[in-house]
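Right, one structure below, let's go through it.
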Amino acid sequence: MKKFFPLILVVTLILALGTTALAQVRIGIAMPTQSLQRWNQDGANMKQRFEAAGYVVDLQYANNNVALQISQIENMILNGADILVIAAIDGASLGTVLEVAKDEGIPVIAYDRLIMETDAVSYYATFDNYMVGTIQGKYLVEALDLENRTDPVNIEIVAGSPDDNNARYFYQGAIDQIQPYIDAGKVIVPSGQIAFEQVATLEWSSERAQARMDNLIAAYYAGGRPLHAVLCSNDSTALGVTNSLLGAGFTKEEFPLITGQDCDIANTKNIIAGYQAMSVFKDTRTLAERVVKMVEAIVRGEEPEVNDTETYFNGVFTVPTYLCEPVFADINNYEELLIESGYYTREQLEN
Ligand code: BGC
């Protein structure tokens, strides 16, 4: 026992020193907004994991206000952040503030959304954005039986925010599945609004999506023309579209298939109620864990693991990326994906 005592002491000391050293590593986490459920989860998950590992966390939400996000990042740098994790509001607006980070040798991880037009971003961690769109597009192809049906279907398209680099990937992934059927005359978009610029929704706003859907219904569907599907890029836009359709008196029987992404609680409830057909589950716990791993590698002076070095060109260079896998979710598997995995409680999904 005597012999081991000094050894135990040394080990304890090393552990204590290690913890102190870690406790001094400050992580600045800049999230876009609290108005959307997912970012609250992203922020909370990361904060919890980083703090459990002994890091000091400065977590800020910017209310979808670009200037506010820039000043939050400035403050993080002033307050001694060692590493920044940023989900940008406008991916192309952070160049100047990130120059300061770069000058101070602060590594920057782009979280979920790529940061554009700068070499000051070190790594990118996200879900495979193109695959999200592919999952949505494939779903519509199959659910509408586009391969076999002879009568054409009417669909409308509601995409994401033009300042979010992800939005075009989601859109493109889905359109690549559906375009052949538009070309073949099997899919008709009665509004004629197909190009990304025509269907984008600033700030991914539910209200804007709802207002646009109100206009589309009034202009193209008032005479009883059937609407078979609305390809929505995410759940916040899907929510606006569903509200619009309900407001216009669409019944469950004639309700179009609405796609989404994120498995937000309100949308999962709509899936259960039959007012949304599917969503894409992007488990924010997985992404948070990935980013914690990246940070830990950086702190150890190692290169973080990435699995994509070709896709995400940000206008200056191709950012080394780790892509997590998005998962199809609908009425048949939501319990397993969301409840059994502990993501939500059953009560949270009850009305
Ligand atoms: C995210 C989506 C989210 C959307 C709106 C995108 O960048 O990848 O998960 O629905 O922003 O916040």
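By convention here, the chains of the structure tokens are called A, B, ... in the order presented, each chain's residues are numbered starting at 1, and ligands are numbered starting at 1 in the order presented.
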Q: Enumerate residues in contact with ligand 1: an atom-to-atom distance of at most 10 Å, counting only C-alpha atoms and all ligand atoms. Format the result as number ranges by chain.
A: A: 32-39, 64, 87-89, 91, 111-114, 126-129, 132, 160-161, 163-167, 169-170, 203-205, 233-237, 260-264, 280-284
Q. Which residues come within 12 Å of stretch 328-339 of chain A, counting only C-alpha atoms, excluding same-chain residues fewer than 2 positions away, as a PyMOL selection string?
A. chain A and resi 131-139+143+257-265+267-285+325-326+341-350
**Q.** Surrounding residues of A:Ala52 excluding itself and chain neighbours under 2 positions, 12 Å, only C-alpha atoms, as JSON, numbers by chain
**A.** {"A": [19, 22, 23, 45, 46, 47, 48, 49, 50, 54, 55, 56, 57, 289, 292]}
Q) Skipping near chain neighbours, those fewer than 5 positions away, what residues fall within 9 Å of A:Arg212 using only C-alpha atoms, listed as number ranges by chain? A) A: 158, 201, 207, 217, 241, 244
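Distances here use only C-alpha atoms; by that measure, the residue among A:Asp308, A:Glu51, A:Glu156, A:Glu296 closest to A:Ile83 is A:Glu296.
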